[in-house]
$ cat start.cif   # mmCIF, C-alpha atoms
data_coords
loop_
_atom_site.label_atom_id
_atom_site.label_comp_id
_atom_site.auth_asym_id
_atom_site.auth_seq_id
_atom_site.Cartn_x
_atom_site.Cartn_y
_atom_site.Cartn_z
CA MET A 1493 108.61 86.76 114.29
CA LYS A 1494 105.05 85.50 114.75
CA LYS A 1495 103.74 88.25 112.47
CA ALA A 1496 106.31 87.40 109.84
CA PHE A 1497 105.27 83.72 110.08
CA LEU A 1498 101.59 84.60 109.74
CA LEU A 1499 102.33 86.88 106.82
CA SER A 1500 104.39 84.24 104.99
CA SER A 1501 101.66 81.63 105.70
CA ALA A 1502 99.09 83.98 104.20
CA ILE A 1503 101.27 84.50 101.14
CA LEU A 1504 101.78 80.73 100.75
CA LEU A 1505 98.04 80.17 101.07
CA ALA A 1506 97.35 82.83 98.41
CA ILE A 1507 99.96 81.29 96.11
CA SER A 1508 98.61 77.75 96.53
CA SER A 1509 95.07 79.02 95.95
CA VAL A 1510 96.15 80.70 92.70
CA PHE A 1511 98.05 77.55 91.66
CA GLY A 1512 94.99 75.46 92.55
CA GLN A 1513 92.88 77.49 90.14
CA ASP A 1514 95.61 77.32 87.54
CA ASN A 1515 95.79 73.54 87.95
CA SER A 1516 92.10 73.07 87.43
CA LYS A 1517 92.15 75.36 84.36
CA ALA A 1518 95.26 73.55 83.10
CA ASP A 1519 93.52 70.18 83.60
CA GLU A 1520 90.48 71.38 81.64
CA ALA A 1521 92.72 72.68 78.85
CA LEU A 1522 94.65 69.39 78.74
CA THR A 1523 91.40 67.37 78.71
CA ASN A 1524 90.17 69.35 75.71
CA LYS A 1525 93.54 69.06 73.98
CA ILE A 1526 93.72 65.25 74.41
CA ILE A 1527 90.16 64.79 73.11
CA ALA A 1528 90.93 67.07 70.15
CA ILE A 1529 94.07 65.05 69.28
CA GLU A 1530 92.03 61.82 69.36
CA ARG A 1531 89.17 63.26 67.27
CA ALA A 1532 91.56 64.59 64.63
CA ALA A 1533 93.23 61.18 64.21
CA LEU A 1534 89.89 59.33 64.32
CA GLU A 1535 88.39 61.53 61.59
CA GLU A 1536 91.30 60.68 59.29
CA TRP A 1537 91.02 56.97 60.23
CA ASN A 1538 87.33 57.11 59.27
CA LYS A 1539 88.38 58.19 55.76
CA GLY A 1540 90.71 55.20 55.42
CA ASN A 1541 93.88 57.05 56.48
CA PRO A 1542 95.59 55.37 59.46
CA ASP A 1543 98.70 57.59 59.20
CA ALA A 1544 97.10 60.25 61.41
CA TYR A 1545 97.18 57.74 64.28
CA LEU A 1546 100.74 56.63 63.49
CA ILE A 1547 101.91 60.24 63.89
CA ILE A 1548 100.67 60.28 67.50
CA TYR A 1549 101.94 56.80 68.52
CA ALA A 1550 105.12 56.65 70.63
CA THR A 1551 108.06 54.35 69.81
CA ASP A 1552 107.27 51.92 72.66
CA TYR A 1553 103.60 51.65 71.68
CA THR A 1554 101.34 48.68 72.52
CA TYR A 1555 97.90 47.81 71.09
CA PHE A 1556 94.93 45.48 71.60
CA ASP A 1557 91.94 45.10 69.27
CA PRO A 1558 89.25 42.39 68.89
CA TYR A 1559 90.66 41.06 65.59
CA LEU A 1560 94.05 40.00 66.94
CA GLU A 1561 95.20 36.94 68.92
CA LYS A 1562 98.04 38.86 70.60
CA ARG A 1563 99.03 42.37 71.66
CA VAL A 1564 100.89 44.42 69.03
CA ASP A 1565 104.22 45.56 70.50
CA GLY A 1566 106.18 48.53 69.17
CA PHE A 1567 105.70 51.27 66.59
CA ASP A 1568 107.10 49.23 63.67
CA ALA A 1569 104.60 46.42 64.29
CA ILE A 1570 101.57 48.73 64.41
CA LYS A 1571 102.80 50.60 61.31
CA LYS A 1572 102.97 47.30 59.41
CA LEU A 1573 99.43 46.43 60.53
CA TYR A 1574 98.03 49.87 59.60
CA ASP A 1575 99.89 49.99 56.26
CA GLY A 1576 98.01 46.78 55.38
CA ILE A 1577 94.56 48.31 55.92
CA LYS A 1578 95.16 51.71 54.32
CA GLY A 1579 92.08 52.82 52.36
CA GLN A 1580 89.88 50.01 53.74
CA VAL A 1581 88.03 51.80 56.55
CA SER A 1582 85.07 53.96 55.60
CA VAL A 1583 82.97 55.45 58.38
CA ASP A 1584 80.19 57.86 57.40
CA HIS A 1585 79.87 59.49 60.80
CA TYR A 1586 80.68 58.79 64.43
CA GLU A 1587 79.67 59.64 67.96
CA MET A 1588 82.33 59.92 70.69
CA ILE A 1589 80.35 59.18 73.85
CA ASP A 1590 81.29 60.32 77.40
CA PRO A 1591 84.99 60.98 76.79
CA MET A 1592 86.89 61.20 80.09
CA VAL A 1593 90.52 62.15 80.65
CA GLN A 1594 92.25 60.97 83.84
CA ILE A 1595 95.36 63.14 84.30
CA LEU A 1596 98.24 61.56 86.23
CA ALA A 1597 101.44 63.29 87.27
CA LYS A 1598 101.01 66.03 84.65
CA ASP A 1599 102.60 63.92 81.91
CA VAL A 1600 100.19 61.00 81.62
CA ALA A 1601 96.58 61.31 80.46
CA VAL A 1602 94.26 58.30 80.16
CA LEU A 1603 91.44 58.94 77.66
CA THR A 1604 88.44 56.59 77.68
CA PHE A 1605 85.24 56.79 75.65
CA ASN A 1606 82.60 54.82 73.81
CA LEU A 1607 82.49 55.16 70.05
CA TYR A 1608 79.60 54.51 67.69
CA SER A 1609 80.88 54.26 64.10
CA TYR A 1610 78.21 54.34 61.38
CA SER A 1611 79.08 52.75 58.05
CA GLY A 1612 76.21 52.25 55.57
CA ASN A 1613 73.47 50.44 57.51
CA GLU A 1614 75.90 49.11 60.13
CA VAL A 1615 76.83 50.58 63.49
CA TYR A 1616 79.95 49.41 65.31
CA LYS A 1617 79.99 50.06 69.06
CA TRP A 1618 83.35 50.33 70.77
CA ASN A 1619 85.03 50.75 74.14
CA CYS A 1620 88.29 52.65 73.78
CA THR A 1621 91.25 53.30 76.09
CA GLU A 1622 94.15 55.54 74.98
CA VAL A 1623 97.10 56.18 77.32
CA PHE A 1624 98.85 59.43 76.38
CA ASN A 1625 102.35 60.33 77.61
CA LEU A 1626 104.04 63.72 77.27
CA GLN A 1627 107.23 63.17 75.25
CA PRO A 1628 110.59 64.94 75.81
CA ASP A 1629 109.79 67.21 72.81
CA LYS A 1630 106.51 68.21 74.61
CA ALA A 1631 104.26 66.39 72.13
CA TRP A 1632 101.50 64.20 73.62
CA LYS A 1633 101.77 60.71 72.15
CA ILE A 1634 99.87 57.48 72.76
CA ILE A 1635 101.82 54.62 74.38
CA HIS A 1636 98.92 52.14 74.62
CA THR A 1637 95.55 51.60 72.91
CA HIS A 1638 92.82 49.08 73.74
CA TRP A 1639 89.84 48.81 71.38
CA SER A 1640 87.03 46.34 72.13
CA TYR A 1641 83.41 45.82 71.16
CA ILE A 1642 80.65 46.76 73.57
CA ARG A 1643 78.85 43.53 74.57
CA PRO A 1644 80.18 41.37 71.72
CA ILE A 1645 78.01 38.39 70.79
CA GLY A 1646 79.49 34.96 71.46
CA GLN A 1647 82.12 33.63 73.91
CA MET B 1097 139.37 76.02 86.28
CA LYS B 1098 139.41 73.70 83.27
CA LYS B 1099 140.64 70.82 85.45
CA ALA B 1100 137.89 71.47 87.97
CA PHE B 1101 135.34 71.48 85.13
CA LEU B 1102 136.66 68.19 83.72
CA LEU B 1103 136.68 66.64 87.19
CA SER B 1104 133.11 67.71 87.92
CA SER B 1105 132.03 66.45 84.46
CA ALA B 1106 133.62 63.07 85.21
CA ILE B 1107 131.85 62.93 88.57
CA LEU B 1108 128.51 63.82 86.95
CA LEU B 1109 129.03 61.13 84.33
CA ALA B 1110 129.84 58.56 87.02
CA ILE B 1111 126.77 59.58 89.02
CA SER B 1112 124.45 59.41 86.00
CA SER B 1113 125.87 56.00 85.07
CA VAL B 1114 125.20 54.67 88.57
CA PHE B 1115 121.68 56.17 88.50
CA GLY B 1116 121.15 54.62 85.05
CA GLN B 1117 121.86 51.19 86.47
CA ASP B 1118 119.68 51.92 89.49
CA ASN B 1119 116.86 53.02 87.19
CA SER B 1120 116.96 49.83 85.18
CA LYS B 1121 117.05 47.72 88.35
CA ALA B 1122 114.25 49.84 89.83
CA ASP B 1123 112.18 49.38 86.65
CA GLU B 1124 112.66 45.60 86.81
CA ALA B 1125 111.68 45.57 90.49
CA LEU B 1126 108.59 47.70 89.78
CA THR B 1127 107.60 45.49 86.83
CA ASN B 1128 107.76 42.41 89.08
CA LYS B 1129 105.86 44.21 91.85
CA ILE B 1130 103.03 45.34 89.54
CA ILE B 1131 102.63 41.83 88.07
CA ALA B 1132 102.64 40.33 91.58
CA ILE B 1133 99.92 42.77 92.72
CA GLU B 1134 97.76 41.80 89.73
CA ARG B 1135 98.33 38.05 90.18
CA ALA B 1136 97.43 38.21 93.88
CA ALA B 1137 94.13 40.00 93.14
CA LEU B 1138 93.36 37.75 90.16
CA GLU B 1139 93.88 34.58 92.19
CA GLU B 1140 91.33 35.79 94.77
CA TRP B 1141 88.95 36.81 91.93
CA ASN B 1142 89.23 33.29 90.52
CA LYS B 1143 87.93 31.94 93.86
CA GLY B 1144 84.88 34.22 93.68
CA ASN B 1145 86.33 36.99 95.86
CA PRO B 1146 86.32 40.37 94.07
CA ASP B 1147 87.35 42.27 97.23
CA ALA B 1148 91.04 41.72 96.50
CA TYR B 1149 90.63 43.89 93.39
CA LEU B 1150 88.59 46.52 95.24
CA ILE B 1151 91.48 46.97 97.70
CA ILE B 1152 93.79 48.00 94.84
CA TYR B 1153 91.31 50.28 92.98
CA ALA B 1154 91.76 54.06 93.40
CA THR B 1155 88.87 56.40 94.26
CA ASP B 1156 88.68 57.84 90.72
CA TYR B 1157 88.63 54.39 89.11
CA THR B 1158 87.16 53.65 85.65
CA TYR B 1159 86.35 50.25 84.09
CA PHE B 1160 85.35 48.61 80.79
CA ASP B 1161 84.33 44.98 80.32
CA PRO B 1162 82.47 43.14 77.50
CA TYR B 1163 79.27 42.66 79.53
CA LEU B 1164 78.51 46.35 80.04
CA GLU B 1165 76.93 48.99 77.77
CA LYS B 1166 78.84 51.84 79.44
CA ARG B 1167 82.08 52.55 81.31
CA VAL B 1168 81.87 52.16 85.10
CA ASP B 1169 82.97 55.43 86.72
CA GLY B 1170 84.22 55.67 90.30
CA PHE B 1171 85.04 53.29 93.15
CA ASP B 1172 81.48 53.17 94.56
CA ALA B 1173 80.07 52.06 91.19
CA ILE B 1174 82.60 49.24 90.71
CA LYS B 1175 82.11 48.13 94.33
CA LYS B 1176 78.36 47.84 93.72
CA LEU B 1177 78.99 45.78 90.57
CA TYR B 1178 81.51 43.48 92.26
CA ASP B 1179 79.35 43.06 95.40
CA GLY B 1180 76.64 41.71 93.09
CA ILE B 1181 78.85 38.92 91.67
CA LYS B 1182 80.56 37.84 94.90
CA GLY B 1183 80.97 34.05 94.96
CA GLN B 1184 79.92 33.63 91.31
CA VAL B 1185 83.31 33.36 89.59
CA SER B 1186 85.09 30.01 89.71
CA VAL B 1187 88.27 29.61 87.68
CA ASP B 1188 90.21 26.34 88.08
CA HIS B 1189 93.49 27.66 86.76
CA TYR B 1190 94.81 30.50 84.62
CA GLU B 1191 97.68 31.52 82.40
CA MET B 1192 98.91 35.14 82.37
CA ILE B 1193 100.50 35.49 78.93
CA ASP B 1194 103.23 38.01 77.96
CA PRO B 1195 102.68 40.51 80.79
CA MET B 1196 104.33 43.84 79.98
CA VAL B 1197 104.67 46.88 82.23
CA GLN B 1198 105.19 50.30 80.60
CA ILE B 1199 106.57 52.63 83.30
CA LEU B 1200 105.82 56.34 82.86
CA ALA B 1201 107.17 59.16 84.99
CA LYS B 1202 107.96 56.80 87.90
CA ASP B 1203 104.43 56.94 89.27
CA VAL B 1204 102.40 55.43 86.43
CA ALA B 1205 102.70 51.80 85.29
CA VAL B 1206 100.58 50.36 82.47
CA LEU B 1207 100.24 46.57 82.75
CA THR B 1208 98.97 44.64 79.71
CA PHE B 1209 98.62 40.89 79.27
CA ASN B 1210 96.52 38.11 77.77
CA LEU B 1211 94.70 35.85 80.19
CA TYR B 1212 93.42 32.32 79.64
CA SER B 1213 90.95 31.38 82.39
CA TYR B 1214 90.00 27.69 82.58
CA SER B 1215 86.68 26.82 84.18
CA GLY B 1216 85.47 23.21 83.80
CA ASN B 1217 85.65 22.47 80.06
CA GLU B 1218 85.57 26.15 79.09
CA VAL B 1219 88.46 28.51 78.40
CA TYR B 1220 87.92 32.26 78.39
CA LYS B 1221 90.54 34.28 76.52
CA TRP B 1222 91.07 37.89 77.51
CA ASN B 1223 92.96 41.05 76.64
CA CYS B 1224 93.65 43.11 79.77
CA THR B 1225 94.88 46.65 80.41
CA GLU B 1226 95.48 47.90 83.97
CA VAL B 1227 96.72 51.47 84.58
CA PHE B 1228 98.46 51.71 87.97
CA ASN B 1229 99.17 55.03 89.70
CA LEU B 1230 101.37 55.54 92.76
CA GLN B 1231 99.16 57.05 95.47
CA PRO B 1232 100.22 59.72 98.02
CA ASP B 1233 100.53 56.92 100.66
CA LYS B 1234 103.00 55.12 98.29
CA ALA B 1235 100.57 52.28 97.51
CA TRP B 1236 100.20 51.33 93.82
CA LYS B 1237 96.53 51.42 92.88
CA ILE B 1238 94.64 50.87 89.64
CA ILE B 1239 92.88 53.90 88.14
CA HIS B 1240 91.60 52.21 84.96
CA THR B 1241 90.87 48.65 83.80
CA HIS B 1242 89.86 47.43 80.34
CA TRP B 1243 88.91 43.74 79.94
CA SER B 1244 87.89 42.42 76.51
CA TYR B 1245 87.65 39.04 74.77
CA ILE B 1246 90.31 38.00 72.29
CA ARG B 1247 88.65 37.75 68.85
CA PRO B 1248 85.05 37.63 70.09
CA ILE B 1249 82.55 35.94 67.76
CA GLY B 1250 79.89 38.17 66.24
CA GLN B 1251 79.70 41.91 65.45
#

$ encode --input "start.cif" --output "structure tokens"
Amino acid sequence: MKKAFLLSSAILLAISSVFGQDNSKADEALTNKIIAIERAALEEWNKGNPDAYLIIYATDYTYFDPYLEKRVDGFDAIKKLYDGIKGQVSVDHYEMIDPMVQILAKDVAVLTFNLYSYSGNEVYKWNCTEVFNLQPDKAWKIIHTHWSYIRPIGQ
Amino acid sequence: MKKAFLLSSAILLAISSVFGQDNSKADEALTNKIIAIERAALEEWNKGNPDAYLIIYATDYTYFDPYLEKRVDGFDAIKKLYDGIKGQVSVDHYEMIDPMVQILAKDVAVLTFNLYSYSGNEVYKWNCTEVFNLQPDKAWKIIHTHWSYIRPIGQ
């Protein structure tokens, strides 16, 4: 009985160790995937095409940016906002600085980074938070975005 | 056999309906709880006591605000920052505007709101994002904060 217990403990330990490794590899893969999703949408945004972001926004999406008085609530509201600025953004190149993905409960991933966007002689420096949530169809979509300027002048 | 199937289907439907109601009640209770946690910490903050926030920050905490060049990573780093401003904040009264809680996977809750903080003749207007995560000890703690000014001047 004792031997059987020890054996099953050893098996459990081996299994959890294997799963542990798998988890860490899975986390690394998910981190890379989330950053890649963001970069792909951002690169389209930089060419004046906001639709690439709309594709990865969930229905119950919320949004803050420094140009608005209030939070934007819901996909339809953000679509209306983005439709109004189609073709107006032009970023020559960008740097995504220190992206970090905090993975919660396997179906939530919080991406944060700084962004330097270069446009002509200007550089715009941003803080960005994107909360991703795994959808029932297994697509990762964003449920909340918060853009703000790094050390804005004023206030 | 068919009757037994129909009966068990009816029971399942009844159970899921009851759980549906429970879920919506549970969501409302969690929404109120998350807002109450934030308000309690904020009210201490407004008296110059940042420790009330530190108590509800998780170990792997990250933070953006408009005074910093970079994200703050980890509990020790935010504690150092907050220890340096102890006693310096003095807010007479505040308004938490349109708080919303997006509940994900039962153990993640994303709280967003606008905040008007009145101090003497000044009013500071904020966007705020707080990502709460249920910890193994069943306490709700914040894993990410993003504070920014509403429509900051400049940039």

$ residues_around --input "start.cif" --residues "B:Ile1151" --least-positions-apart "4" --cutoff "9 Å" --atoms "only C-alpha atoms" --output "ChimeraX atom specification"
/B:1137,1147,1237

$ atom_distance --input "start.cif" --atom1 "atom CA of A:Tyr1549" --atom2 "atom CA of A:Leu1534"
13.0 Å

$ resolve_selection --input "start.cif" --expression "the PyMOL selection byres ((chain B and resi 1195) around 12)" --output "ChimeraX atom specification"
/A:1554,1562-1563,1565 /B:1127-1128,1130-1132,1134-1135,1191-1194,1196-1198,1206-1211,1223-1226

$ atom_distance --input "start.cif" --atom1 "atom CA of B:Thr1241" --atom2 "atom CA of A:Gly1576"
29.4 Å

$ atom_distance --input "start.cif" --atom1 "atom CA of B:Tyr1159" --atom2 "atom CA of B:Asn1229"
14.8 Å

$ resolve_selection --input "start.cif" --expression "the PyMOL selection byres ((chain B) within 8 of (chain A))" --output "PDB file with C-alpha atoms, keeping the file's coordinate frame"
ATOM      1  CA  PHE B1160      85.350  48.610  80.790  1.00  0.00           C
ATOM      2  CA  ASP B1161      84.330  44.980  80.320  1.00  0.00           C
ATOM      3  CA  PRO B1162      82.470  43.140  77.500  1.00  0.00           C
ATOM      4  CA  TYR B1163      79.270  42.660  79.530  1.00  0.00           C
ATOM      5  CA  LEU B1164      78.510  46.350  80.040  1.00  0.00           C
ATOM      6  CA  GLU B1165      76.930  48.990  77.770  1.00  0.00           C
ATOM      7  CA  LYS B1166      78.840  51.840  79.440  1.00  0.00           C
ATOM      8  CA  ARG B1167      82.080  52.550  81.310  1.00  0.00           C
ATOM      9  CA  LEU B1200     105.820  56.340  82.860  1.00  0.00           C
ATOM     10  CA  ALA B1201     107.170  59.160  84.990  1.00  0.00           C
ATOM     11  CA  ASP B1203     104.430  56.940  89.270  1.00  0.00           C
ATOM     12  CA  VAL B1204     102.400  55.430  86.430  1.00  0.00           C
ATOM     13  CA  PHE B1209      98.620  40.890  79.270  1.00  0.00           C
ATOM     14  CA  ASN B1210      96.520  38.110  77.770  1.00  0.00           C
ATOM     15  CA  TYR B1220      87.920  32.260  78.390  1.00  0.00           C
ATOM     16  CA  ASN B1223      92.960  41.050  76.640  1.00  0.00           C
ATOM     17  CA  THR B1225      94.880  46.650  80.410  1.00  0.00           C
ATOM     18  CA  ASN B1229      99.170  55.030  89.700  1.00  0.00           C
ATOM     19  CA  HIS B1242      89.860  47.430  80.340  1.00  0.00           C
ATOM     20  CA  SER B1244      87.890  42.420  76.510  1.00  0.00           C
ATOM     21  CA  TYR B1245      87.650  39.040  74.770  1.00  0.00           C
ATOM     22  CA  ILE B1246      90.310  38.000  72.290  1.00  0.00           C
ATOM     23  CA  ARG B1247      88.650  37.750  68.850  1.00  0.00           C
ATOM     24  CA  PRO B1248      85.050  37.630  70.090  1.00  0.00           C
ATOM     25  CA  ILE B1249      82.550  35.940  67.760  1.00  0.00           C
ATOM     26  CA  GLY B1250      79.890  38.170  66.240  1.00  0.00           C
ATOM     27  CA  GLN B1251      79.700  41.910  65.450  1.00  0.00           C
TER      28      GLN B1251
END

$ closest_residue --input "start.cif" --among "A:Ala1631, A:Asp1568, A:Ala1518, A:Tyr1574" --to "A:Tyr1545" --atoms "all atoms listed in the file"
A:Tyr1574

$ decode --input "start.cif" --residues "stretch 1152-1164 of chain B" --atoms "N, CA and C atoms" --output "PDB file, in the first residue's frame"
ATOM      1  N   ILE B1152      -3.880  46.228  -1.565  1.00  0.00           N
ATOM      2  CA  ILE B1152      -4.666  45.514  -2.594  1.00  0.00           C
ATOM      3  C   ILE B1152      -3.899  45.361  -3.923  1.00  0.00           C
ATOM      4  N   TYR B1153      -2.573  45.585  -3.911  1.00  0.00           N
ATOM      5  CA  TYR B1153      -1.768  45.329  -5.106  1.00  0.00           C
ATOM      6  C   TYR B1153      -1.144  43.932  -5.025  1.00  0.00           C
ATOM      7  N   ALA B1154      -1.197  43.184  -6.133  1.00  0.00           N
ATOM      8  CA  ALA B1154      -0.608  41.844  -6.185  1.00  0.00           C
ATOM      9  C   ALA B1154       0.921  41.947  -6.319  1.00  0.00           C
ATOM     10  N   THR B1155       1.595  40.840  -6.127  1.00  0.00           N
ATOM     11  CA  THR B1155       3.064  40.799  -6.207  1.00  0.00           C
ATOM     12  C   THR B1155       3.557  41.221  -7.595  1.00  0.00           C
ATOM     13  N   ASP B1156       2.891  40.687  -8.639  1.00  0.00           N
ATOM     14  CA  ASP B1156       3.329  40.952 -10.023  1.00  0.00           C
ATOM     15  C   ASP B1156       2.554  42.134 -10.615  1.00  0.00           C
ATOM     16  N   TYR B1157       2.547  43.224  -9.851  1.00  0.00           N
ATOM     17  CA  TYR B1157       1.777  44.428 -10.179  1.00  0.00           C
ATOM     18  C   TYR B1157       2.507  45.308 -11.197  1.00  0.00           C
ATOM     19  N   THR B1158       1.749  45.934 -12.115  1.00  0.00           N
ATOM     20  CA  THR B1158       2.336  46.916 -13.044  1.00  0.00           C
ATOM     21  C   THR B1158       1.496  48.198 -13.025  1.00  0.00           C
ATOM     22  N   TYR B1159       2.134  49.332 -13.386  1.00  0.00           N
ATOM     23  CA  TYR B1159       1.509  50.648 -13.146  1.00  0.00           C
ATOM     24  C   TYR B1159       1.977  51.700 -14.149  1.00  0.00           C
ATOM     25  N   PHE B1160       1.023  52.435 -14.720  1.00  0.00           N
ATOM     26  CA  PHE B1160       1.309  53.625 -15.531  1.00  0.00           C
ATOM     27  C   PHE B1160       0.663  54.839 -14.877  1.00  0.00           C
ATOM     28  N   ASP B1161       1.370  55.963 -14.831  1.00  0.00           N
ATOM     29  CA  ASP B1161       0.718  57.244 -14.539  1.00  0.00           C
ATOM     30  C   ASP B1161       1.391  58.343 -15.358  1.00  0.00           C
ATOM     31  N   PRO B1162       0.768  59.559 -15.449  1.00  0.00           N
ATOM     32  CA  PRO B1162       1.286  60.574 -16.381  1.00  0.00           C
ATOM     33  C   PRO B1162       2.555  61.284 -15.913  1.00  0.00           C
ATOM     34  N   TYR B1163       3.059  60.938 -14.728  1.00  0.00           N
ATOM     35  CA  TYR B1163       4.279  61.584 -14.227  1.00  0.00           C
ATOM     36  C   TYR B1163       5.541  60.786 -14.530  1.00  0.00           C
ATOM     37  N   LEU B1164       5.374  59.562 -15.020  1.00  0.00           N
ATOM     38  CA  LEU B1164       6.513  58.650 -15.153  1.00  0.00           C
ATOM     39  C   LEU B1164       6.899  58.433 -16.612  1.00  0.00           C
TER      40      LEU B1164
END
